[in-house]
>>> print(open('structure_24.cif').read())   # mmCIF, C-alpha atoms and all ligand atoms; chains and numbers go by the auth columns
data_protein
#
loop_
_atom_site.group_PDB
_atom_site.id
_atom_site.type_symbol
_atom_site.label_atom_id
_atom_site.label_comp_id
_atom_site.label_asym_id
_atom_site.label_seq_id
_atom_site.Cartn_x
_atom_site.Cartn_y
_atom_site.Cartn_z
_atom_site.B_iso_or_equiv
_atom_site.auth_seq_id
_atom_site.auth_asym_id
ATOM 1 C CA MET A 1 13.685 -20.810 -3.013 0.00 1 Y
ATOM 2 C CA ILE A 2 11.735 -17.552 -3.104 0.00 2 Y
ATOM 3 C CA LYS A 3 13.253 -14.243 -4.233 0.00 3 Y
ATOM 4 C CA VAL A 4 13.185 -11.555 -1.550 0.00 4 Y
ATOM 5 C CA ALA A 5 12.537 -7.846 -2.105 0.00 5 Y
ATOM 6 C CA PRO A 6 12.955 -5.869 1.146 0.00 6 Y
ATOM 7 C CA SER A 7 10.694 -2.825 1.340 0.00 7 Y
ATOM 8 C CA ILE A 8 12.469 0.344 2.424 0.00 8 Y
ATOM 9 C CA LEU A 9 9.152 1.653 3.756 0.00 9 Y
ATOM 10 C CA SER A 10 10.312 0.140 7.054 0.00 10 Y
ATOM 11 C CA ALA A 11 13.941 1.353 6.703 0.00 11 Y
ATOM 12 C CA ASN A 12 15.505 4.441 8.284 0.00 12 Y
ATOM 13 C CA PHE A 13 14.301 7.396 6.139 0.00 13 Y
ATOM 14 C CA ALA A 14 16.940 9.659 7.689 0.00 14 Y
ATOM 15 C CA ASN A 15 19.745 7.404 6.491 0.00 15 Y
ATOM 16 C CA LEU A 16 18.704 4.992 3.745 0.00 16 Y
ATOM 17 C CA GLN A 17 22.148 4.149 2.358 0.00 17 Y
ATOM 18 C CA PRO A 18 23.318 1.710 5.086 0.00 18 Y
ATOM 19 C CA ASP A 19 19.927 -0.017 5.036 0.00 19 Y
ATOM 20 C CA VAL A 20 20.115 -0.478 1.263 0.00 20 Y
ATOM 21 C CA GLU A 21 23.715 -1.732 1.360 0.00 21 Y
ATOM 22 C CA LEU A 22 22.939 -4.131 4.185 0.00 22 Y
ATOM 23 C CA VAL A 23 20.181 -5.971 2.303 0.00 23 Y
ATOM 24 C CA GLU A 24 22.249 -6.070 -0.875 0.00 24 Y
ATOM 25 C CA ARG A 25 25.111 -7.752 1.019 0.00 25 Y
ATOM 26 C CA ALA A 26 22.596 -10.118 2.636 0.00 26 Y
ATOM 27 C CA GLY A 27 21.520 -11.493 -0.743 0.00 27 Y
ATOM 28 C CA ALA A 28 18.291 -9.608 -1.417 0.00 28 Y
ATOM 29 C CA ASP A 29 17.071 -10.058 -4.995 0.00 29 Y
ATOM 30 C CA ALA A 30 15.513 -6.600 -5.428 0.00 30 Y
ATOM 31 C CA LEU A 31 14.774 -3.439 -3.471 0.00 31 Y
ATOM 32 C CA HIS A 32 11.067 -2.629 -3.125 0.00 32 Y
ATOM 33 C CA ILE A 33 10.245 1.088 -3.131 0.00 33 Y
ATOM 34 C CA ASP A 34 6.704 2.013 -2.087 0.00 34 Y
ATOM 35 C CA VAL A 35 5.516 5.227 -3.716 0.00 35 Y
ATOM 36 C CA MET A 36 2.366 6.701 -2.132 0.00 36 Y
ATOM 37 C CA ASP A 37 0.464 9.854 -3.064 0.00 37 Y
ATOM 38 C CA GLY A 38 -2.017 10.332 -0.206 0.00 38 Y
ATOM 39 C CA GLN A 39 -4.882 9.808 -2.689 0.00 39 Y
ATOM 40 C CA PHE A 40 -4.760 6.235 -3.909 0.00 40 Y
ATOM 41 C CA VAL A 41 -3.711 5.228 -0.392 0.00 41 Y
ATOM 42 C CA PRO A 42 -4.033 7.188 2.856 0.00 42 Y
ATOM 43 C CA ASN A 43 -0.295 7.747 3.278 0.00 43 Y
ATOM 44 C CA LEU A 44 2.615 9.622 1.688 0.00 44 Y
ATOM 45 C CA SER A 45 6.103 8.266 1.090 0.00 45 Y
ATOM 46 C CA PHE A 46 8.695 8.622 -1.679 0.00 46 Y
ATOM 47 C CA GLY A 47 8.849 10.051 -5.183 0.00 47 Y
ATOM 48 C CA MET A 48 11.141 9.972 -8.213 0.00 48 Y
ATOM 49 C CA SER A 49 13.885 11.917 -6.481 0.00 49 Y
ATOM 50 C CA THR A 50 14.289 9.169 -3.878 0.00 50 Y
ATOM 51 C CA VAL A 51 14.607 6.576 -6.650 0.00 51 Y
ATOM 52 C CA ALA A 52 17.212 8.754 -8.396 0.00 52 Y
ATOM 53 C CA ALA A 53 19.145 9.120 -5.131 0.00 53 Y
ATOM 54 C CA ILE A 54 19.181 5.364 -4.493 0.00 54 Y
ATOM 55 C CA ARG A 55 20.115 4.412 -8.063 0.00 55 Y
ATOM 56 C CA PRO A 56 23.871 5.104 -7.838 0.00 56 Y
ATOM 57 C CA ILE A 57 24.348 3.406 -4.461 0.00 57 Y
ATOM 58 C CA THR A 58 23.130 -0.077 -5.420 0.00 58 Y
ATOM 59 C CA SER A 59 23.074 -2.546 -8.269 0.00 59 Y
ATOM 60 C CA LEU A 60 19.921 -4.198 -6.909 0.00 60 Y
ATOM 61 C CA THR A 61 16.869 -4.240 -9.157 0.00 61 Y
ATOM 62 C CA LEU A 62 14.751 -1.235 -8.136 0.00 62 Y
ATOM 63 C CA ASP A 63 11.184 -2.501 -7.908 0.00 63 Y
ATOM 64 C CA CYS A 64 8.934 0.584 -7.688 0.00 64 Y
ATOM 65 C CA HIS A 65 5.410 -0.052 -6.447 0.00 65 Y
ATOM 66 C CA LEU A 66 3.333 2.960 -7.451 0.00 66 Y
ATOM 67 C CA MET A 67 0.328 3.544 -5.203 0.00 67 Y
ATOM 68 C CA ILE A 68 -0.713 6.729 -6.983 0.00 68 Y
ATOM 69 C CA VAL A 69 -3.727 7.801 -9.030 0.00 69 Y
ATOM 70 C CA GLU A 70 -3.232 7.991 -12.800 0.00 70 Y
ATOM 71 C CA PRO A 71 0.290 6.553 -12.798 0.00 71 Y
ATOM 72 C CA GLU A 72 0.496 7.308 -16.541 0.00 72 Y
ATOM 73 C CA ARG A 73 1.524 10.840 -15.481 0.00 73 Y
ATOM 74 C CA PHE A 74 4.762 9.600 -13.908 0.00 74 Y
ATOM 75 C CA VAL A 75 5.899 6.188 -15.168 0.00 75 Y
ATOM 76 C CA THR A 76 8.354 7.594 -17.724 0.00 76 Y
ATOM 77 C CA GLN A 77 9.961 9.775 -15.063 0.00 77 Y
ATOM 78 C CA PHE A 78 10.322 6.805 -12.717 0.00 78 Y
ATOM 79 C CA ALA A 79 12.057 4.851 -15.483 0.00 79 Y
ATOM 80 C CA GLN A 80 14.364 7.804 -16.144 0.00 80 Y
ATOM 81 C CA ALA A 81 15.128 8.022 -12.419 0.00 81 Y
ATOM 82 C CA GLY A 82 16.435 4.443 -12.553 0.00 82 Y
ATOM 83 C CA ALA A 83 13.490 2.151 -11.784 0.00 83 Y
ATOM 84 C CA ASP A 84 14.095 -1.293 -13.312 0.00 84 Y
ATOM 85 C CA LEU A 85 10.562 -2.519 -12.714 0.00 85 Y
ATOM 86 C CA ILE A 86 7.457 -0.374 -12.302 0.00 86 Y
ATOM 87 C CA GLY A 87 4.253 -1.680 -10.746 0.00 87 Y
ATOM 88 C CA VAL A 88 0.906 0.014 -11.352 0.00 88 Y
ATOM 89 C CA HIS A 89 -2.416 -0.806 -9.721 0.00 89 Y
ATOM 90 C CA VAL A 90 -5.220 -1.848 -12.055 0.00 90 Y
ATOM 91 C CA GLU A 91 -7.529 0.204 -9.782 0.00 91 Y
ATOM 92 C CA SER A 92 -5.499 3.394 -10.243 0.00 92 Y
ATOM 93 C CA THR A 93 -6.028 4.080 -13.941 0.00 93 Y
ATOM 94 C CA ARG A 94 -8.697 3.918 -16.647 0.00 94 Y
ATOM 95 C CA HIS A 95 -6.094 2.663 -19.105 0.00 95 Y
ATOM 96 C CA ILE A 96 -4.069 -0.140 -17.580 0.00 96 Y
ATOM 97 C CA TYR A 97 -3.046 -1.596 -20.961 0.00 97 Y
ATOM 98 C CA HIS A 98 -1.713 1.763 -22.089 0.00 98 Y
ATOM 99 C CA VAL A 99 0.208 2.420 -18.856 0.00 99 Y
ATOM 100 C CA LEU A 100 1.927 -0.965 -19.102 0.00 100 Y
ATOM 101 C CA GLN A 101 2.861 -0.174 -22.708 0.00 101 Y
ATOM 102 C CA LEU A 102 4.283 3.188 -21.577 0.00 102 Y
ATOM 103 C CA ILE A 103 6.438 1.478 -18.932 0.00 103 Y
ATOM 104 C CA LYS A 104 7.904 -0.895 -21.513 0.00 104 Y
ATOM 105 C CA GLN A 105 8.478 1.914 -24.008 0.00 105 Y
ATOM 106 C CA ALA A 106 10.430 3.712 -21.284 0.00 106 Y
ATOM 107 C CA GLY A 107 12.708 0.670 -21.009 0.00 107 Y
ATOM 108 C CA ALA A 108 11.531 -0.735 -17.659 0.00 108 Y
ATOM 109 C CA LYS A 109 9.872 -4.022 -16.788 0.00 109 Y
ATOM 110 C CA ALA A 110 6.111 -3.759 -16.339 0.00 110 Y
ATOM 111 C CA GLU A 111 4.100 -5.040 -13.397 0.00 111 Y
ATOM 112 C CA VAL A 112 0.356 -4.978 -12.764 0.00 112 Y
ATOM 113 C CA VAL A 113 -0.817 -4.876 -9.124 0.00 113 Y
ATOM 114 C CA VAL A 114 -4.160 -6.018 -7.668 0.00 114 Y
ATOM 115 C CA ASN A 115 -5.675 -4.958 -4.358 0.00 115 Y
ATOM 116 C CA PRO A 116 -7.146 -7.629 -2.064 0.00 116 Y
ATOM 117 C CA GLY A 117 -10.705 -6.798 -3.172 0.00 117 Y
ATOM 118 C CA THR A 118 -9.972 -6.873 -6.901 0.00 118 Y
ATOM 119 C CA PRO A 119 -10.621 -10.115 -8.786 0.00 119 Y
ATOM 120 C CA LEU A 120 -8.084 -11.600 -11.203 0.00 120 Y
ATOM 121 C CA SER A 121 -10.615 -11.166 -14.017 0.00 121 Y
ATOM 122 C CA MET A 122 -9.674 -7.449 -13.953 0.00 122 Y
ATOM 123 C CA ILE A 123 -6.142 -8.217 -15.167 0.00 123 Y
ATOM 124 C CA GLU A 124 -6.597 -11.224 -17.453 0.00 124 Y
ATOM 125 C CA GLU A 125 -6.282 -9.180 -20.640 0.00 125 Y
ATOM 126 C CA VAL A 126 -2.936 -7.671 -19.670 0.00 126 Y
ATOM 127 C CA LEU A 127 -1.268 -10.864 -18.461 0.00 127 Y
ATOM 128 C CA PRO A 128 0.463 -11.477 -21.832 0.00 128 Y
ATOM 129 C CA LEU A 129 2.041 -8.025 -21.514 0.00 129 Y
ATOM 130 C CA VAL A 130 3.567 -8.072 -18.037 0.00 130 Y
ATOM 131 C CA ASP A 131 6.889 -9.164 -16.546 0.00 131 Y
ATOM 132 C CA GLN A 132 5.471 -9.463 -13.039 0.00 132 Y
ATOM 133 C CA VAL A 133 2.092 -9.548 -11.273 0.00 133 Y
ATOM 134 C CA LEU A 134 1.838 -8.281 -7.702 0.00 134 Y
ATOM 135 C CA ILE A 135 -0.886 -9.748 -5.512 0.00 135 Y
ATOM 136 C CA MET A 136 -1.443 -7.489 -2.490 0.00 136 Y
ATOM 137 C CA THR A 137 -1.764 -9.568 0.672 0.00 137 Y
ATOM 138 C CA VAL A 138 -2.714 -6.505 2.782 0.00 138 Y
ATOM 139 C CA ASN A 139 -4.670 -3.352 1.943 0.00 139 Y
ATOM 140 C CA PRO A 140 -1.956 -1.030 0.602 0.00 140 Y
ATOM 141 C CA GLY A 141 -0.807 2.051 2.497 0.00 141 Y
ATOM 142 C CA PHE A 142 1.129 0.870 5.526 0.00 142 Y
ATOM 143 C CA GLY A 143 3.775 -1.590 6.603 0.00 143 Y
ATOM 144 C CA GLY A 144 3.350 -3.948 9.535 0.00 144 Y
ATOM 145 C CA GLN A 145 -0.182 -5.210 8.794 0.00 145 Y
ATOM 146 C CA HIS A 146 -1.448 -8.774 9.066 0.00 146 Y
ATOM 147 C CA PHE A 147 -1.354 -11.105 6.074 0.00 147 Y
ATOM 148 C CA LEU A 148 -4.802 -11.679 4.517 0.00 148 Y
ATOM 149 C CA THR A 149 -5.096 -15.469 4.320 0.00 149 Y
ATOM 150 C CA PRO A 150 -7.898 -15.503 1.690 0.00 150 Y
ATOM 151 C CA MET A 151 -5.339 -14.147 -0.811 0.00 151 Y
ATOM 152 C CA VAL A 152 -3.643 -17.551 -0.935 0.00 152 Y
ATOM 153 C CA ASP A 153 -6.418 -18.855 -3.203 0.00 153 Y
ATOM 154 C CA LYS A 154 -5.878 -15.886 -5.509 0.00 154 Y
ATOM 155 C CA ILE A 155 -2.149 -16.637 -5.770 0.00 155 Y
ATOM 156 C CA ARG A 156 -2.953 -20.255 -6.566 0.00 156 Y
ATOM 157 C CA ALA A 157 -5.483 -19.241 -9.243 0.00 157 Y
ATOM 158 C CA LEU A 158 -2.951 -16.890 -10.843 0.00 158 Y
ATOM 159 C CA ALA A 159 -0.276 -19.600 -10.833 0.00 159 Y
ATOM 160 C CA GLN A 160 -2.770 -21.864 -12.611 0.00 160 Y
ATOM 161 C CA LEU A 161 -3.495 -19.249 -15.280 0.00 161 Y
ATOM 162 C CA LYS A 162 0.255 -18.771 -15.718 0.00 162 Y
ATOM 163 C CA GLN A 163 0.782 -22.467 -16.262 0.00 163 Y
ATOM 164 C CA GLN A 164 -2.241 -22.915 -18.565 0.00 164 Y
ATOM 165 C CA HIS A 165 -1.111 -20.135 -20.900 0.00 165 Y
ATOM 166 C CA GLY A 166 2.632 -20.627 -20.589 0.00 166 Y
ATOM 167 C CA TYR A 167 3.168 -17.090 -19.270 0.00 167 Y
ATOM 168 C CA GLN A 168 6.629 -16.260 -17.959 0.00 168 Y
ATOM 169 C CA PHE A 169 5.794 -13.489 -15.450 0.00 169 Y
ATOM 170 C CA GLU A 170 6.964 -13.582 -11.838 0.00 170 Y
ATOM 171 C CA ILE A 171 4.304 -13.679 -9.118 0.00 171 Y
ATOM 172 C CA GLU A 172 5.103 -11.222 -6.327 0.00 172 Y
ATOM 173 C CA VAL A 173 3.293 -10.897 -2.995 0.00 173 Y
ATOM 174 C CA ASP A 174 3.331 -7.864 -0.715 0.00 174 Y
ATOM 175 C CA GLY A 175 2.162 -7.430 2.865 0.00 175 Y
ATOM 176 C CA GLY A 176 2.441 -9.372 6.103 0.00 176 Y
ATOM 177 C CA ILE A 177 5.246 -11.642 4.889 0.00 177 Y
ATOM 178 C CA ASN A 178 7.266 -13.455 7.567 0.00 178 Y
ATOM 179 C CA ASP A 179 8.915 -16.886 7.906 0.00 179 Y
ATOM 180 C CA GLN A 180 5.479 -18.522 8.291 0.00 180 Y
ATOM 181 C CA THR A 181 3.391 -16.766 5.634 0.00 181 Y
ATOM 182 C CA VAL A 182 6.241 -16.994 3.117 0.00 182 Y
ATOM 183 C CA LYS A 183 5.897 -20.787 3.033 0.00 183 Y
ATOM 184 C CA THR A 184 2.177 -20.555 2.311 0.00 184 Y
ATOM 185 C CA VAL A 185 2.602 -18.094 -0.567 0.00 185 Y
ATOM 186 C CA TYR A 186 5.562 -19.999 -2.020 0.00 186 Y
ATOM 187 C CA ASP A 187 3.606 -23.266 -2.012 0.00 187 Y
ATOM 188 C CA ALA A 188 0.727 -21.452 -3.739 0.00 188 Y
ATOM 189 C CA GLY A 189 3.032 -20.280 -6.549 0.00 189 Y
ATOM 190 C CA ALA A 190 4.552 -16.931 -5.509 0.00 190 Y
ATOM 191 C CA THR A 191 8.104 -16.434 -6.805 0.00 191 Y
ATOM 192 C CA VAL A 192 8.992 -13.070 -5.190 0.00 192 Y
ATOM 193 C CA ALA A 193 8.161 -11.902 -1.656 0.00 193 Y
ATOM 194 C CA VAL A 194 8.241 -8.291 -0.480 0.00 194 Y
ATOM 195 C CA ALA A 195 9.107 -7.958 3.204 0.00 195 Y
ATOM 196 C CA GLY A 196 9.206 -4.669 5.087 0.00 196 Y
ATOM 197 C CA SER A 197 8.762 -4.850 8.842 0.00 197 Y
ATOM 198 C CA TYR A 198 9.913 -8.484 9.041 0.00 198 Y
ATOM 199 C CA VAL A 199 13.318 -7.476 7.630 0.00 199 Y
ATOM 200 C CA TYR A 200 13.875 -3.903 8.819 0.00 200 Y
ATOM 201 C CA GLY A 201 12.000 -4.293 12.105 0.00 201 Y
ATOM 202 C CA SER A 202 14.617 -6.796 13.222 0.00 202 Y
ATOM 203 C CA ASP A 203 17.999 -6.249 14.906 0.00 203 Y
ATOM 204 C CA ASP A 204 19.423 -8.587 12.271 0.00 204 Y
ATOM 205 C CA PRO A 205 17.816 -7.842 8.872 0.00 205 Y
ATOM 206 C CA SER A 206 20.391 -9.986 7.138 0.00 206 Y
ATOM 207 C CA GLN A 207 19.351 -13.057 9.127 0.00 207 Y
ATOM 208 C CA ARG A 208 15.690 -12.336 8.350 0.00 208 Y
ATOM 209 C CA ILE A 209 16.390 -12.424 4.604 0.00 209 Y
ATOM 210 C CA GLN A 210 18.111 -15.790 5.059 0.00 210 Y
ATOM 211 C CA ASP A 211 15.176 -17.033 7.156 0.00 211 Y
ATOM 212 C CA LEU A 212 12.746 -16.258 4.311 0.00 212 Y
ATOM 213 C CA LYS A 213 14.960 -18.124 1.857 0.00 213 Y
ATOM 214 C CA VAL A 214 15.506 -21.121 4.145 0.00 214 Y
ATOM 215 C CA ALA A 215 11.745 -21.366 4.830 0.00 215 Y
ATOM 216 C CA THR A 216 11.181 -21.897 1.105 0.00 216 Y
ATOM 217 C CA ASN A 217 14.155 -24.116 0.354 0.00 217 Y
HETATM 218 C C1 LIG B . 2.101 -1.605 1.779 0.00 301 B
HETATM 219 C C2 LIG B . 3.369 -1.742 0.982 0.00 301 B
HETATM 220 C C3 LIG B . 4.296 -2.802 1.421 0.00 301 B
HETATM 221 C C4 LIG B . 4.820 -2.683 2.826 0.00 301 B
HETATM 222 C C5 LIG B . 4.902 -4.095 3.339 0.00 301 B
HETATM 223 O O1 LIG B . 1.290 -0.708 1.118 0.00 301 B
HETATM 224 O O2 LIG B . 3.042 -1.987 -0.372 0.00 301 B
HETATM 225 O O3 LIG B . 5.367 -2.947 0.497 0.00 301 B
HETATM 226 O O4 LIG B . 6.078 -2.095 2.943 0.00 301 B
HETATM 227 O O5 LIG B . 5.207 -4.074 4.678 0.00 301 B
HETATM 228 P P1 LIG B . 5.172 -5.355 5.598 0.00 301 B
HETATM 229 O O6 LIG B . 6.125 -6.358 4.996 0.00 301 B
HETATM 230 O O7 LIG B . 5.601 -4.832 6.914 0.00 301 B
HETATM 231 O O8 LIG B . 3.755 -5.866 5.581 0.00 301 B
HETATM 232 ZN ZN ZN B . 4.698 -2.459 -1.753 0.00 302 B
#
>>> encode(input="structure_24.cif", output="structure tokens", more="lines below")
Ligand code: DX5
Ligand code: ZN
Amino acid sequence: MIKVAPSILSANFANLQPDVELVERAGADALHIDVMDGQFVPNLSFGMSTVAAIRPITSLTLDCHLMIVEPERFVTQFAQAGADLIGVHVESTRHIYHVLQLIKQAGAKAEVVVNPGTPLSMIEEVLPLVDQVLIMTVNPGFGGQHFLTPMVDKIRALAQLKQQHGYQFEIEVDGGINDQTVKTVYDAGATVAVAGSYVYGSDDPSQRIQDLKVATN
């Protein structure tokens, strides 16, 4: 059964608390927080203060996906704000190894993220260091986009590398996940699925979380 991390990018920004509590009660495994700077991606969203505000209202793992240039400037502050896991794009920094080390030094779990156009060869050297790898299954920046089917081969290739080397990291996927695409990514080796519009775009988000789990049972 896949782990589910609802993305609050599709939640109600004017009143996040009920939306966070609802997915926690529904059995979500983490809360995915999309941080965007208007530079790395053409959109703006949350910052550290939102993470700090959410921290006391939930015991869910806070999975912070940083879509910002030079994340080394902020990872320590995100950890201090209460992020349990911090994801940084390999395309966003000249020093991915160093940024991942900084995240761990700050006491959080470290995740490396790859855009659809970035090959796995770009992250091979940091795989022994990370707790999670995030394979983007849409171009980052917006919720509600279509799943990019060619990414399934990339998930499969990463799962193979994981097995060959005995790595323990989780494989997360993000973008266009619904009750159909979740099966495909789970079969390819994904262990955590982010879902934004599929969960929060529904009248019954709780049911949608169950649907993702049942589809991979
Ligand atoms: C896109 C974000 C995603 C987004 C996914 O840049 O990283 O986390 O919220 O949204 P859906 O599930 O609607 O594709
Ligand atoms: Zn995300």
>>> closest_atom_pairs(input="structure_24.cif", of="chain Y", to="ligand ZN 302 (chain B)", cutoff="9 Å", atoms="all atoms listed in the file", output="tab-separated table")
residue	atom	partner	partner_atom	distance
Y:Ser7	CA	B:ZN302	ZN	6.8
Y:Leu9	CA	B:ZN302	ZN	8.2
Y:His32	CA	B:ZN302	ZN	6.5
Y:Ile33	CA	B:ZN302	ZN	6.7
Y:Asp34	CA	B:ZN302	ZN	4.9
Y:Val35	CA	B:ZN302	ZN	8.0
Y:Asp63	CA	B:ZN302	ZN	8.9
Y:Cys64	CA	B:ZN302	ZN	7.9
Y:His65	CA	B:ZN302	ZN	5.3
Y:Leu66	CA	B:ZN302	ZN	8.0
Y:Met67	CA	B:ZN302	ZN	8.2
Y:Leu134	CA	B:ZN302	ZN	8.8
Y:Met136	CA	B:ZN302	ZN	8.0
Y:Pro140	CA	B:ZN302	ZN	7.2
Y:Gly141	CA	B:ZN302	ZN	8.3
Y:Phe142	CA	B:ZN302	ZN	8.8
Y:Gly143	CA	B:ZN302	ZN	8.5
Y:Val173	CA	B:ZN302	ZN	8.6
Y:Asp174	CA	B:ZN302	ZN	5.7
Y:Gly175	CA	B:ZN302	ZN	7.2
Y:Val194	CA	B:ZN302	ZN	6.9
Y:Ala195	CA	B:ZN302	ZN	8.6
Y:Gly196	CA	B:ZN302	ZN	8.5
>>> closest_residue(input="structure_24.cif", among="Y:Asp37, Y:Asp153, Y:Asp187, Y:Asp131", to="ligand LIG 301 (chain B)", atoms="only C-alpha atoms and all ligand atoms")
Y:Asp37
>>> resolve_selection(input="structure_24.cif", expression="the PyMOL selection byres (((chain Y and resi 115) around 8) and not hetatm)", output="list in words")
His89, Glu91, Val113, Val114, Pro116, Gly117, Thr118, Ile135, Met136, Thr137, Val138, Asn139 and Pro140 of chain Y
>>> write_last_selection(input="structure_24.cif", atoms="C-alpha atoms", output="short mmCIF file (atom, residue, chain, number, x, y, z; two decimals), in the coordinates of the input")
data_model
loop_
_atom_site.label_atom_id
_atom_site.label_comp_id
_atom_site.auth_asym_id
_atom_site.auth_seq_id
_atom_site.Cartn_x
_atom_site.Cartn_y
_atom_site.Cartn_z
CA HIS Y 89 -2.42 -0.81 -9.72
CA GLU Y 91 -7.53 0.20 -9.78
CA VAL Y 113 -0.82 -4.88 -9.12
CA VAL Y 114 -4.16 -6.02 -7.67
CA PRO Y 116 -7.15 -7.63 -2.06
CA GLY Y 117 -10.70 -6.80 -3.17
CA THR Y 118 -9.97 -6.87 -6.90
CA ILE Y 135 -0.89 -9.75 -5.51
CA MET Y 136 -1.44 -7.49 -2.49
CA THR Y 137 -1.76 -9.57 0.67
CA VAL Y 138 -2.71 -6.50 2.78
CA ASN Y 139 -4.67 -3.35 1.94
CA PRO Y 140 -1.96 -1.03 0.60
#
>>> atom_distance(input="structure_24.cif", atom1="CA of Leu129 in chain Y", atom2="CA of Leu212 in chain Y")
29.1 Å
>>> residues_around(input="structure_24.cif", residues="range 202-207 of chain Y", least_positions_apart="6", cutoff="10 Å", atoms="only C-alpha atoms", output="ChimeraX atom specification")
/Y:6,19,22-28,196,213
>>> atom_distance(input="structure_24.cif", atom1="atom O2 of ligand LIG 301 (chain B)", atom2="CA of Asn178 in chain Y")
14.6 Å
>>> atom_distance(input="structure_24.cif", atom1="CA of Lys109 in chain Y", atom2="CA of Gly201 in chain Y")
29.0 Å
>>> residues_around(input="structure_24.cif", residues="Gln168 in chain Y", least_positions_apart="3", cutoff="12 Å", atoms="all atoms listed in the file", output="PyMOL selection string")
chain Y and resi 127-133+158-159+161-165+171+191
>>> resolve_selection(input="structure_24.cif", expression="the PyMOL selection byres (((chain Y and resi 92-95) around 8) and not hetatm)", output="PyMOL selection string")
chain Y and resi 40+67-72+88-91+96-99
>>> closest_residue(input="structure_24.cif", among="Y:Leu100, Y:Val75, Y:Val192, Y:Val199", to="ligand LIG 301 (chain B)", atoms="all atoms listed in the file")
Y:Val199
>>> residues_near_point(input="structure_24.cif", point="(-3.6, -22.8, -4.1)", cutoff="7 Å", atoms="all atoms listed in the file", output="ChimeraX atom specification")
/Y:152-153,155-157,188
>>> resolve_selection(input="structure_24.cif", expression="the PyMOL selection byres (((chain Y and resi 80) around 9) and not hetatm)", output="PyMOL selection string")
chain Y and resi 48+52+75-79+81-83+106-107
>>> axis_aligned_box(input="structure_24.cif", around="range 44-51 of chain Y", padding_each_side="4 Å", output="AutoDock Vina command-line options")
--center_x 8.6 --center_y 9.2 --center_z -3.3 --size_x 20.0 --size_y 13.3 --size_z 17.9
>>> closest_residue(input="structure_24.cif", among="Y:Lys3, Y:Arg208, Y:Lys154, Y:His146", to="ligand LIG 301 (chain B)", atoms="all atoms listed in the file")
Y:His146
>>> decode(input="structure_24.cif", residues="range 108-131 of chain Y", atoms="C-alpha atoms", output="compact mmCIF listing (two decimals), in the first residue's frame")
# COMPACT_ATOMS: atom_id res chain seq x y z
CA ALA Y 108 15.73 17.03 9.20
CA LYS Y 109 15.48 14.20 6.70
CA ALA Y 110 17.01 15.02 3.32
CA GLU Y 111 15.35 14.58 -0.06
CA VAL Y 112 16.69 15.23 -3.55
CA VAL Y 113 14.17 16.17 -6.27
CA VAL Y 114 14.47 15.76 -10.05
CA ASN Y 115 12.50 17.61 -12.71
CA PRO Y 116 10.99 15.63 -15.60
CA GLY Y 117 13.81 16.68 -17.95
CA THR Y 118 16.64 15.81 -15.57
CA PRO Y 119 18.25 12.37 -15.88
CA LEU Y 120 18.90 10.15 -12.87
CA SER Y 121 22.63 10.35 -13.61
CA MET Y 122 22.49 13.86 -12.08
CA ILE Y 123 21.68 12.44 -8.63
CA GLU Y 124 23.56 9.13 -8.55
CA GLU Y 125 26.36 10.48 -6.35
CA VAL Y 126 24.00 11.71 -3.64
CA LEU Y 127 21.79 8.62 -3.43
CA PRO Y 128 23.76 7.17 -0.48
CA LEU Y 129 23.05 10.39 1.43
CA VAL Y 130 19.29 10.81 1.07
CA ASP Y 131 16.24 9.62 2.98
